Amino acid sequence: MSDVASPRRPGRQVLAALAIAAAGALIVAIAGWWVLATTGLPRRSGDAVLNGLDAPVSVHFDGWGVPHVQADSVSDMARAVGYLHANDRMTQLELGRRMAAGRLAEVVGDLALPSDRYFVQLGMRRYARASVAALGPESRLLLEAYAEGVNAWLAERGGDLPPELRLLRVVPAPWTVLDSAYFQLQMAHDLSFFQGRPEEDRFIALRDLGVARFSDLTDLAERDLPPQIVELAAAPPLATRISESTRDGQLAAAPLFPPLQSPGSNNWALGGSFTASGHPIVANDPHLPLRLPSIWYQASLHAPGYSAAGMTLPGFPFVVLGQGPDLAWAFTNVMLDDHDVFFERASDDLRRVQRAGGWLDVTVDAEEIIHGDGSSEIATVRFTDIGVLLPADAEQGLPARSLAWTGATPGDLPAPALALARARRVEDLVGQLEQWVAPAQNLVAADRTGSLLFTAIGRVPQRRNATGRLPSPAWDSAAHWLGLYPQHSNRTVMRPEIDRIVTANAAIDGAVGMGRQAHPSADFDTGHRADRITAILDSRADWALEEMAQVQMDVRSLYALQLVALIGPGPWQGEAAEAWALLADWDGTMGGSGAAALFALVERALPAAIFDETNGHRVGRIDLRKRLLRIMRGQARLDWFDNAGTAAVETRSEVLSSVLASSWSSAVDRWGPAPDEWGYGTLHQLHLENPLGSVPLLGATFNRGPTPWPGSDTTVAAFGTFSGGNRERIAYGPSMRWISDPTDPDLALSVLPGGQSGHPYDEHYDDQLSMYRDGLLHGVHWSTAAATDAAVSTLHLLPTPRQSGDEH
């Protein structure tokens, strides 16, 4: 035998040790998961003491976790809502207030520093303080009561917090009225700056294209082009230096998120002449970023002096969208251009800016931004007489700019929200909405008598000589805003001749500023969604309430059909001919397989072929769809199909043929030669992410999807993607669906894209998602009898017990 030992398998002892170690690790992992899965779960039954209550409050929860609150006073109702929001959405409350205040990095790490610097440099802290100061007595009282409710839940729970907060090791500070103001500003910001700052993009396009090509592409009038700004665009790019004092502002120059193509909304009201019951119907599906938990929290709230059911926003103790006892209402974004960029002539140290006849001192706020490691930096936030001052941006070639924004004007937002629920008739709303400053919304309402109303709420900039399409010269006082128009100057339509109202973010003639500024600057969407909704509704006069869901789920794109028609049956050959044949027989349905998938590829390739920077056409992404339609209709005076970067002259037919052929080839490469196997859902998917969804291993259990999804950004069921052309991930869509009959609030229907709870392991975290996908809705329980019958649990909120002798 050889003395050399032969290799041996690991001994049994080693295998046993490994097995024990693996089992131990598994037990630890399971135990860790169990702790997170069971910590901070919402409480929906039993008794809970809520400090500050004047009387007991009963909360009935239905099978979807929707609370029906019955209180003896509006202030007690507000306390209960604060408790319930914390109960279901404490992580959302905590991270939301931190984002708007620029305090995220402190708890999530330095990856959030760009976000913190952005919001701090935008002046959000100053604007939030001003919003609190502008509150009326009732609004302040209710927001203070709401804060008491949140803080009562925090005191009750101690360390028993939701898993995201446990992972982040966050112990939330007491809630304040200021935190609610941050939530209001965050919503206004998201609906104002969804495309970043378009004036800057247009200036860059003007500089790169020249006046002739820029004007041809955008169809802007001469009054939209301030001569001093045109002169700046014609000069060489500005030589700017980035000093330490401008570093933070430099980061603030870019949008926080990639720009979106019109993440609008739908709403409509039908009068009795359009319905089988003879009663009016109001429908709403606001399109906002989709995530978990849902943006909205549904509730039915009742107290002497206030009753409403619908959607609340975390941070506020009242219904924002929904119905009162006698009136139902719905919102869509006006798409108002509510902010303007003003180029400044500033001193090198940014302490002064030039104005007519001299120099104006800049005011300064020193704001602390805390890093993830506990260290901090001081951000210098500057303000001029126009608004927050952003330093020069060397990368984009932009000078220092002041930013005017309607959201910086403080208003008493709770007051009009309360007025909506208290209105008995649509006439009651007139004069009650002045304190709604931003974001500007198309309000559609119907009352139990069958009367319909449209008006725009929010205040419009009162511009003098400028239109806001391009930056304005801050040193020219004639370019400054005179202020904001009062809300009552916005157009109001009551009892329209045609017994229905539809808005979908498209232009509505004279919608805002009627009589003073009949055509305000706005970034309206194309009219395809509004036209499709109107055509469907006008096709019948016997609509039932529940059938409105079919309209909300419609995925036929009139835009797609128009673009295909504009491509037309040209001299296509080979793969281009095959592509055209498939598209020509298509009905525009953005779903299923075949033509929808091919169109998605064509829709991505066509703008790239015309506008890509390599073609010498750097035009940016703002108003891209409108620009494309203008060129395809032949309304542009210049040739945009020729590639300016080559010596050859490309024709319209050559470019369109190339787009069709390359799209067909891409489809074959991706899915194979059979169009029936080209799945649109592989290009268009819904992936709902939790803020901590990227945490290794565990985070994936917080997310849902990706799931193939029909619709597009041009269908009534609007599910859009980032404007960069990436059709792999849906960015926004209906953030809820709501349908109601103002004559009987118990008939209302609703659904959320997820659920009521923000706790990833709670039963109501995603229990509505399948209904949302299938176009189904659940009932809303308005009356006490209906809520009691539907209740699966009841929570009793009780005042702090009185000590012996307190009554003396």
# chains A, B, ... in the order shown; residues from 1 in each chain; ligands from 1
call {"tool": "select_by_dssp", "arguments": {"residues": "range 655-784 of chain A", "states": "strand (DSSP E)", "output": "ChimeraX atom specification"}}
result
/A:685-688,704-708,720-721,730-734,737-740,749-751,778-779
call {"tool": "write_last_selection", "arguments": {"atoms": "N, CA, C and O atoms", "output": "CSV table (one decimal), in the first residue's frame"}}
result
chain,number,residue,atom,x,y,z
A,685,GLN,N,-44.7,47.0,-18.2
A,685,GLN,CA,-44.9,46.2,-17.0
A,685,GLN,C,-45.0,47.1,-15.8
A,685,GLN,O,-44.4,48.2,-15.7
A,686,LEU,N,-45.9,46.6,-14.9
A,686,LEU,CA,-46.1,47.4,-13.6
A,686,LEU,C,-45.2,46.7,-12.5
A,686,LEU,O,-45.4,45.5,-12.3
A,687,HIS,N,-44.4,47.5,-11.9
A,687,HIS,CA,-43.6,47.1,-10.8
A,687,HIS,C,-43.8,48.1,-9.7
A,687,HIS,O,-43.3,49.2,-9.7
A,688,LEU,N,-44.5,47.7,-8.7
A,688,LEU,CA,-44.8,48.6,-7.5
A,688,LEU,C,-43.7,48.4,-6.5
A,688,LEU,O,-43.4,47.3,-6.0
A,704,ARG,N,-44.0,44.5,-5.5
A,704,ARG,CA,-44.9,43.6,-6.2
A,704,ARG,C,-44.7,43.8,-7.7
A,704,ARG,O,-44.6,44.9,-8.2
A,705,GLY,N,-44.6,42.7,-8.4
A,705,GLY,CA,-44.3,42.7,-9.8
A,705,GLY,C,-42.9,42.4,-10.1
A,705,GLY,O,-42.2,41.9,-9.2
A,706,PRO,N,-42.4,42.5,-11.4
A,706,PRO,CA,-43.2,43.2,-12.5
A,706,PRO,C,-44.3,42.3,-13.1
A,706,PRO,O,-44.1,41.1,-13.1
A,707,THR,N,-45.3,42.9,-13.5
A,707,THR,CA,-46.5,42.3,-14.1
A,707,THR,C,-46.8,42.9,-15.5
A,707,THR,O,-46.9,44.1,-15.6
A,708,PRO,N,-47.0,42.1,-16.5
A,708,PRO,CA,-47.4,42.6,-17.8
A,708,PRO,C,-48.7,43.4,-17.6
A,708,PRO,O,-49.6,43.0,-16.9
A,720,GLY,N,-48.1,55.3,-18.1
A,720,GLY,CA,-47.0,55.9,-18.8
A,720,GLY,C,-45.6,55.5,-18.3
A,720,GLY,O,-45.5,55.2,-17.1
A,721,THR,N,-44.6,55.7,-19.1
A,721,THR,CA,-43.3,55.4,-18.7
A,721,THR,C,-42.5,56.7,-18.7
A,721,THR,O,-42.9,57.8,-19.1
A,730,ILE,N,-43.4,50.9,-15.9
A,730,ILE,CA,-44.4,51.9,-15.8
A,730,ILE,C,-44.0,52.9,-14.7
A,730,ILE,O,-43.7,52.5,-13.6
A,731,ALA,N,-44.1,54.2,-15.0
A,731,ALA,CA,-43.8,55.2,-14.0
A,731,ALA,C,-45.0,55.8,-13.3
A,731,ALA,O,-44.9,56.1,-12.1
A,732,TYR,N,-46.1,55.9,-14.0
A,732,TYR,CA,-47.3,56.5,-13.4
A,732,TYR,C,-48.5,55.8,-13.9
A,732,TYR,O,-48.5,55.2,-15.0
A,733,GLY,N,-49.6,56.0,-13.2
A,733,GLY,CA,-50.9,55.5,-13.7
A,733,GLY,C,-52.0,55.9,-12.7
A,733,GLY,O,-51.8,56.8,-11.9
A,734,PRO,N,-53.2,55.4,-12.9
A,734,PRO,CA,-54.3,55.8,-11.9
A,734,PRO,C,-53.9,55.4,-10.5
A,734,PRO,O,-53.7,54.3,-10.1
A,737,ARG,N,-59.1,54.7,-8.3
A,737,ARG,CA,-60.3,54.9,-9.1
A,737,ARG,C,-61.5,55.1,-8.2
A,737,ARG,O,-61.7,54.4,-7.2
A,738,TRP,N,-62.4,56.1,-8.6
A,738,TRP,CA,-63.5,56.5,-7.7
A,738,TRP,C,-64.7,56.8,-8.6
A,738,TRP,O,-64.5,57.5,-9.6
A,739,ILE,N,-65.8,56.3,-8.2
A,739,ILE,CA,-67.1,56.6,-9.0
A,739,ILE,C,-68.2,56.8,-7.9
A,739,ILE,O,-68.3,56.0,-7.0
A,740,SER,N,-69.0,57.8,-8.1
A,740,SER,CA,-70.0,58.1,-7.1
A,740,SER,C,-71.3,58.7,-7.6
A,740,SER,O,-71.2,59.3,-8.7
A,749,LEU,N,-68.1,53.6,-5.4
A,749,LEU,CA,-67.2,52.5,-5.7
A,749,LEU,C,-65.8,53.0,-5.7
A,749,LEU,O,-65.6,54.2,-6.2
A,750,SER,N,-64.8,52.2,-5.3
A,750,SER,CA,-63.4,52.7,-5.4
A,750,SER,C,-62.5,51.5,-5.4
A,750,SER,O,-62.9,50.3,-5.2
A,751,VAL,N,-61.2,51.8,-5.7
A,751,VAL,CA,-60.1,50.8,-5.6
A,751,VAL,C,-58.8,51.5,-5.6
A,751,VAL,O,-58.7,52.6,-6.2
A,778,HIS,N,-64.7,48.1,-5.2
A,778,HIS,CA,-65.5,47.7,-4.1
A,778,HIS,C,-66.3,48.8,-3.6
A,778,HIS,O,-66.1,50.0,-3.9
A,779,GLY,N,-67.3,48.4,-2.8
A,779,GLY,CA,-68.3,49.4,-2.3
A,779,GLY,C,-67.7,50.3,-1.2
A,779,GLY,O,-66.7,50.0,-0.5
call {"tool": "select_by_dssp", "arguments": {"residues": "range 683-726 of chain A", "states": "helix (DSSP H, G or I)", "output": "list in words"}}
result
Leu698, Gly699, Ala700, Thr701 and Phe702 of chain A
call {"tool": "atom_distance", "arguments": {"atom1": "CA of Leu418 in chain A", "atom2": "CA of Ala786 in chain A"}}
result
23.8 Å
call {"tool": "closest_residue", "arguments": {"among": "A:Ala579, A:Leu50, A:Ala549, A:Ala544", "to": "Trp153 in chain A", "atoms": "only C-alpha atoms"}}
result
A:Leu50
call {"tool": "closest_residue", "arguments": {"among": "A:Ala423, A:Leu606, A:Pro675, A:Gln550", "to": "Leu563 in chain A", "atoms": "only C-alpha atoms"}}
result
A:Leu606
call {"tool": "atom_distance", "arguments": {"atom1": "CA of Ser73 in chain A", "atom2": "CA of Asp54 in chain A"}}
result
8.2 Å
call {"tool": "closest_residue", "arguments": {"among": "A:Pro325, A:Gly159, A:Gly271, A:Pro314", "to": "Thr743 in chain A", "atoms": "only C-alpha atoms"}}
result
A:Pro325
call {"tool": "closest_residue", "arguments": {"among": "A:Ala303, A:Leu420, A:Leu95, A:Val211", "to": "Pro227 in chain A", "atoms": "only C-alpha atoms"}}
result
A:Val211
call {"tool": "closest_residue", "arguments": {"among": "A:Pro799, A:Pro742, A:Pro753, A:Pro174", "to": "Ala269 in chain A", "atoms": "only C-alpha atoms"}}
result
A:Pro742
call {"tool": "closest_residue", "arguments": {"among": "A:Leu484, A:Ala748, A:Leu583, A:Ala600", "to": "Asp713 in chain A", "atoms": "only C-alpha atoms"}}
result
A:Ala600
call {"tool": "atom_distance", "arguments": {"atom1": "CA of Ala130 in chain A", "atom2": "CA of Pro410 in chain A"}}
result
5.9 Å
call {"tool": "residues_around", "arguments": {"residues": "Ser294 in chain A", "least_positions_apart": "4", "cutoff": "8 Å", "atoms": "only C-alpha atoms", "output": "ChimeraX atom specification"}}
result
/A:290,735,752-756,758
call {"tool": "write_last_selection", "arguments": {"atoms": "all heavy atoms", "output": "PDB file, in the first residue's frame"}}
result
ATOM      1  N   LEU A 290     -46.793  55.500  -9.289  1.00  0.00           N
ATOM      2  CA  LEU A 290     -47.325  54.301  -8.655  1.00  0.00           C
ATOM      3  C   LEU A 290     -46.255  53.661  -7.785  1.00  0.00           C
ATOM      4  O   LEU A 290     -45.141  53.404  -8.243  1.00  0.00           O
ATOM      5  CB  LEU A 290     -47.807  53.312  -9.721  1.00  0.00           C
ATOM      6  CG  LEU A 290     -48.988  53.788 -10.570  1.00  0.00           C
ATOM      7  CD1 LEU A 290     -49.315  52.769 -11.650  1.00  0.00           C
ATOM      8  CD2 LEU A 290     -50.209  54.063  -9.704  1.00  0.00           C
ATOM      9  N   SER A 735     -53.801  56.491  -9.683  1.00  0.00           N
ATOM     10  CA  SER A 735     -53.407  56.311  -8.290  1.00  0.00           C
ATOM     11  C   SER A 735     -54.585  55.861  -7.435  1.00  0.00           C
ATOM     12  O   SER A 735     -54.409  55.478  -6.276  1.00  0.00           O
ATOM     13  CB  SER A 735     -52.837  57.623  -7.733  1.00  0.00           C
ATOM     14  OG  SER A 735     -53.778  58.679  -7.892  1.00  0.00           O
ATOM     15  N   LEU A 752     -57.825  50.922  -4.946  1.00  0.00           N
ATOM     16  CA  LEU A 752     -56.459  51.438  -4.870  1.00  0.00           C
ATOM     17  C   LEU A 752     -55.502  50.473  -5.569  1.00  0.00           C
ATOM     18  O   LEU A 752     -55.745  49.262  -5.591  1.00  0.00           O
ATOM     19  CB  LEU A 752     -56.014  51.601  -3.414  1.00  0.00           C
ATOM     20  CG  LEU A 752     -56.696  52.668  -2.563  1.00  0.00           C
ATOM     21  CD1 LEU A 752     -56.243  52.542  -1.114  1.00  0.00           C
ATOM     22  CD2 LEU A 752     -56.374  54.052  -3.088  1.00  0.00           C
ATOM     23  N   PRO A 753     -54.384  50.976  -6.094  1.00  0.00           N
ATOM     24  CA  PRO A 753     -53.366  50.093  -6.697  1.00  0.00           C
ATOM     25  C   PRO A 753     -52.450  49.500  -5.622  1.00  0.00           C
ATOM     26  O   PRO A 753     -51.258  49.767  -5.585  1.00  0.00           O
ATOM     27  CB  PRO A 753     -52.612  51.035  -7.625  1.00  0.00           C
ATOM     28  CG  PRO A 753     -52.707  52.359  -6.960  1.00  0.00           C
ATOM     29  CD  PRO A 753     -54.060  52.391  -6.290  1.00  0.00           C
ATOM     30  N   GLY A 754     -53.013  48.713  -4.761  1.00  0.00           N
ATOM     31  CA  GLY A 754     -52.275  48.143  -3.643  1.00  0.00           C
ATOM     32  C   GLY A 754     -53.251  47.896  -2.531  1.00  0.00           C
ATOM     33  O   GLY A 754     -54.081  46.974  -2.611  1.00  0.00           O
ATOM     34  N   GLY A 755     -53.209  48.702  -1.489  1.00  0.00           N
ATOM     35  CA  GLY A 755     -54.146  48.552  -0.403  1.00  0.00           C
ATOM     36  C   GLY A 755     -54.045  49.706   0.565  1.00  0.00           C
ATOM     37  O   GLY A 755     -53.327  50.680   0.339  1.00  0.00           O
ATOM     38  N   GLN A 756     -54.764  49.582   1.664  1.00  0.00           N
ATOM     39  CA  GLN A 756     -54.813  50.631   2.667  1.00  0.00           C
ATOM     40  C   GLN A 756     -53.542  50.717   3.504  1.00  0.00           C
ATOM     41  O   GLN A 756     -53.145  51.786   3.950  1.00  0.00           O
ATOM     42  CB  GLN A 756     -55.996  50.379   3.609  1.00  0.00           C
ATOM     43  CG  GLN A 756     -57.354  50.710   3.024  1.00  0.00           C
ATOM     44  CD  GLN A 756     -57.609  52.205   3.004  1.00  0.00           C
ATOM     45  OE1 GLN A 756     -57.455  52.860   1.965  1.00  0.00           O
ATOM     46  NE2 GLN A 756     -57.998  52.761   4.127  1.00  0.00           N
ATOM     47  N   GLY A 758     -49.580  50.388   4.804  1.00  0.00           N
ATOM     48  CA  GLY A 758     -48.200  50.543   4.363  1.00  0.00           C
ATOM     49  C   GLY A 758     -47.291  49.479   4.923  1.00  0.00           C
ATOM     50  O   GLY A 758     -46.092  49.471   4.628  1.00  0.00           O
TER      51      GLY A 758
END
call {"tool": "residues_around", "arguments": {"residues": "Ala105 in chain A", "least_positions_apart": "5", "cutoff": "6 Å", "atoms": "only C-alpha atoms", "output": "list in words"}}
result
Asp110, Ala112, Leu113, His371 and Gly372 of chain A
call {"tool": "residues_around", "arguments": {"residues": "range 148-152 of chain A", "least_positions_apart": "2", "cutoff": "9 Å", "atoms": "only C-alpha atoms", "output": "MDAnalysis selection string"}}
result
chainID A and resid 49:53 76 78:87 90 143:146 154:157 173:176
call {"tool": "write_last_selection", "arguments": {"atoms": "N, CA, C and O atoms", "output": "JSON list (two decimals), in the first residue's frame"}}
result
[["chain", "number", "residue", "atom", "x", "y", "z"],
["A", 49, "VAL", "N", -56.50, 54.23, 23.89],
["A", 49, "VAL", "CA", -56.61, 55.57, 24.48],
["A", 49, "VAL", "C", -55.90, 56.57, 23.58],
["A", 49, "VAL", "O", -54.75, 56.37, 23.20],
["A", 50, "LEU", "N", -56.61, 57.63, 23.23],
["A", 50, "LEU", "CA", -56.05, 58.67, 22.38],
["A", 50, "LEU", "C", -56.07, 59.97, 23.18],
["A", 50, "LEU", "O", -57.13, 60.58, 23.37],
["A", 51, "ASN", "N", -54.93, 60.36, 23.64],
["A", 51, "ASN", "CA", -54.82, 61.56, 24.46],
["A", 51, "ASN", "C", -55.30, 62.79, 23.69],
["A", 51, "ASN", "O", -54.90, 63.02, 22.55],
["A", 52, "GLY", "N", -56.17, 63.57, 24.31],
["A", 52, "GLY", "CA", -56.69, 64.77, 23.67],
["A", 52, "GLY", "C", -58.12, 64.66, 23.23],
["A", 52, "GLY", "O", -58.78, 65.68, 22.99],
["A", 53, "LEU", "N", -58.64, 63.43, 23.09],
["A", 53, "LEU", "CA", -60.03, 63.27, 22.69],
["A", 53, "LEU", "C", -60.96, 63.87, 23.75],
["A", 53, "LEU", "O", -60.74, 63.73, 24.95],
["A", 76, "ASP", "N", -62.16, 65.97, 17.17],
["A", 76, "ASP", "CA", -61.94, 64.57, 17.54],
["A", 76, "ASP", "C", -61.80, 63.70, 16.29],
["A", 76, "ASP", "O", -61.02, 62.74, 16.28],
["A", 78, "ALA", "N", -60.46, 64.66, 13.50],
["A", 78, "ALA", "CA", -59.10, 64.90, 13.02],
["A", 78, "ALA", "C", -58.08, 64.12, 13.84],
["A", 78, "ALA", "O", -57.11, 63.58, 13.29],
["A", 79, "ARG", "N", -58.29, 64.06, 15.16],
["A", 79, "ARG", "CA", -57.38, 63.26, 15.99],
["A", 79, "ARG", "C", -57.43, 61.79, 15.59],
["A", 79, "ARG", "O", -56.40, 61.12, 15.51],
["A", 80, "ALA", "N", -58.63, 61.30, 15.32],
["A", 80, "ALA", "CA", -58.77, 59.90, 14.93],
["A", 80, "ALA", "C", -58.08, 59.63, 13.60],
["A", 80, "ALA", "O", -57.42, 58.60, 13.43],
["A", 81, "VAL", "N", -58.21, 60.55, 12.64],
["A", 81, "VAL", "CA", -57.55, 60.36, 11.34],
["A", 81, "VAL", "C", -56.03, 60.34, 11.51],
["A", 81, "VAL", "O", -55.33, 59.54, 10.89],
["A", 82, "GLY", "N", -55.50, 61.23, 12.35],
["A", 82, "GLY", "CA", -54.07, 61.20, 12.61],
["A", 82, "GLY", "C", -53.63, 59.86, 13.17],
["A", 82, "GLY", "O", -52.60, 59.30, 12.75],
["A", 83, "TYR", "N", -54.39, 59.33, 14.11],
["A", 83, "TYR", "CA", -54.08, 58.01, 14.68],
["A", 83, "TYR", "C", -54.12, 56.94, 13.60],
["A", 83, "TYR", "O", -53.23, 56.08, 13.52],
["A", 84, "LEU", "N", -55.15, 56.96, 12.76],
["A", 84, "LEU", "CA", -55.31, 55.94, 11.72],
["A", 84, "LEU", "C", -54.23, 56.03, 10.66],
["A", 84, "LEU", "O", -53.73, 54.99, 10.19],
["A", 85, "HIS", "N", -53.87, 57.24, 10.25],
["A", 85, "HIS", "CA", -52.78, 57.37, 9.29],
["A", 85, "HIS", "C", -51.48, 56.81, 9.86],
["A", 85, "HIS", "O", -50.74, 56.10, 9.16],
["A", 86, "ALA", "N", -51.18, 57.11, 11.11],
["A", 86, "ALA", "CA", -49.98, 56.55, 11.72],
["A", 86, "ALA", "C", -50.10, 55.04, 11.83],
["A", 86, "ALA", "O", -49.12, 54.31, 11.61],
["A", 87, "ASN", "N", -51.26, 54.57, 12.16],
["A", 87, "ASN", "CA", -51.52, 53.14, 12.33],
["A", 87, "ASN", "C", -51.21, 52.36, 11.06],
["A", 87, "ASN", "O", -50.64, 51.26, 11.11],
["A", 90, "MET", "N", -47.25, 54.89, 8.95],
["A", 90, "MET", "CA", -46.24, 55.67, 9.67],
["A", 90, "MET", "C", -44.95, 55.82, 8.89],
["A", 90, "MET", "O", -44.31, 56.87, 8.92],
["A", 143, "LEU", "N", -55.33, 70.68, 12.10],
["A", 143, "LEU", "CA", -54.00, 70.12, 11.88],
["A", 143, "LEU", "C", -53.29, 69.86, 13.21],
["A", 143, "LEU", "O", -52.51, 68.89, 13.33],
["A", 144, "GLU", "N", -53.54, 70.68, 14.21],
["A", 144, "GLU", "CA", -52.99, 70.41, 15.54],
["A", 144, "GLU", "C", -53.62, 69.16, 16.14],
["A", 144, "GLU", "O", -52.93, 68.33, 16.76],
["A", 145, "ALA", "N", -54.93, 69.01, 15.93],
["A", 145, "ALA", "CA", -55.60, 67.80, 16.42],
["A", 145, "ALA", "C", -55.08, 66.56, 15.70],
["A", 145, "ALA", "O", -54.87, 65.51, 16.32],
["A", 146, "TYR", "N", -54.88, 66.68, 14.39],
["A", 146, "TYR", "CA", -54.32, 65.58, 13.62],
["A", 146, "TYR", "C", -52.95, 65.17, 14.19],
["A", 146, "TYR", "O", -52.66, 63.98, 14.37],
["A", 154, "LEU", "N", -47.77, 57.09, 18.22],
["A", 154, "LEU", "CA", -46.35, 56.90, 18.47],
["A", 154, "LEU", "C", -46.09, 56.60, 19.95],
["A", 154, "LEU", "O", -45.28, 55.72, 20.29],
["A", 155, "ALA", "N", -46.78, 57.31, 20.83],
["A", 155, "ALA", "CA", -46.58, 57.08, 22.26],
["A", 155, "ALA", "C", -47.07, 55.70, 22.66],
["A", 155, "ALA", "O", -46.46, 55.02, 23.50],
["A", 156, "GLU", "N", -48.18, 55.28, 22.07],
["A", 156, "GLU", "CA", -48.74, 53.96, 22.38],
["A", 156, "GLU", "C", -47.80, 52.84, 21.93],
["A", 156, "GLU", "O", -47.60, 51.85, 22.64],
["A", 157, "ARG", "N", -47.20, 53.01, 20.76],
["A", 157, "ARG", "CA", -46.39, 51.94, 20.17],
["A", 157, "ARG", "C", -44.97, 51.88, 20.72],
["A", 157, "ARG", "O", -44.36, 50.81, 20.74],
["A", 173, "ALA", "N", -39.77, 61.53, 15.41],
["A", 173, "ALA", "CA", -40.02, 62.64, 16.31],
["A", 173, "ALA", "C", -41.51, 62.95, 16.30],
["A", 173, "ALA", "O", -42.25, 62.54, 15.38],
["A", 174, "PRO", "N", -42.02, 63.65, 17.28],
["A", 174, "PRO", "CA", -43.45, 64.01, 17.28],
["A", 174, "PRO", "C", -43.84, 64.75, 16.01],
["A", 174, "PRO", "O", -43.07, 65.54, 15.46],
["A", 175, "TRP", "N", -45.04, 64.47, 15.57],
["A", 175, "TRP", "CA", -45.59, 65.14, 14.37],
["A", 175, "TRP", "C", -45.99, 66.55, 14.73],
["A", 175, "TRP", "O", -46.44, 66.83, 15.85],
["A", 176, "THR", "N", -45.82, 67.47, 13.77],
["A", 176, "THR", "CA", -46.20, 68.86, 13.96],
["A", 176, "THR", "C", -47.01, 69.36, 12.77],
["A", 176, "THR", "O", -47.05, 68.72, 11.71]]
call {"tool": "residues_around", "arguments": {"residues": "Pro673 in chain A", "least_positions_apart": "6", "cutoff": "10 Å", "atoms": "only C-alpha atoms", "output": "list in words"}}
result
Trp664, Ser665 and Ala667 of chain A
call {"tool": "residues_around", "arguments": {"residues": "Arg401 in chain A", "least_positions_apart": "2", "cutoff": "10 Å", "atoms": "only C-alpha atoms", "output": "PyMOL selection string"}}
result
chain A and resi 200+253+340-346+384+386-393+398-399+403-404+471-474
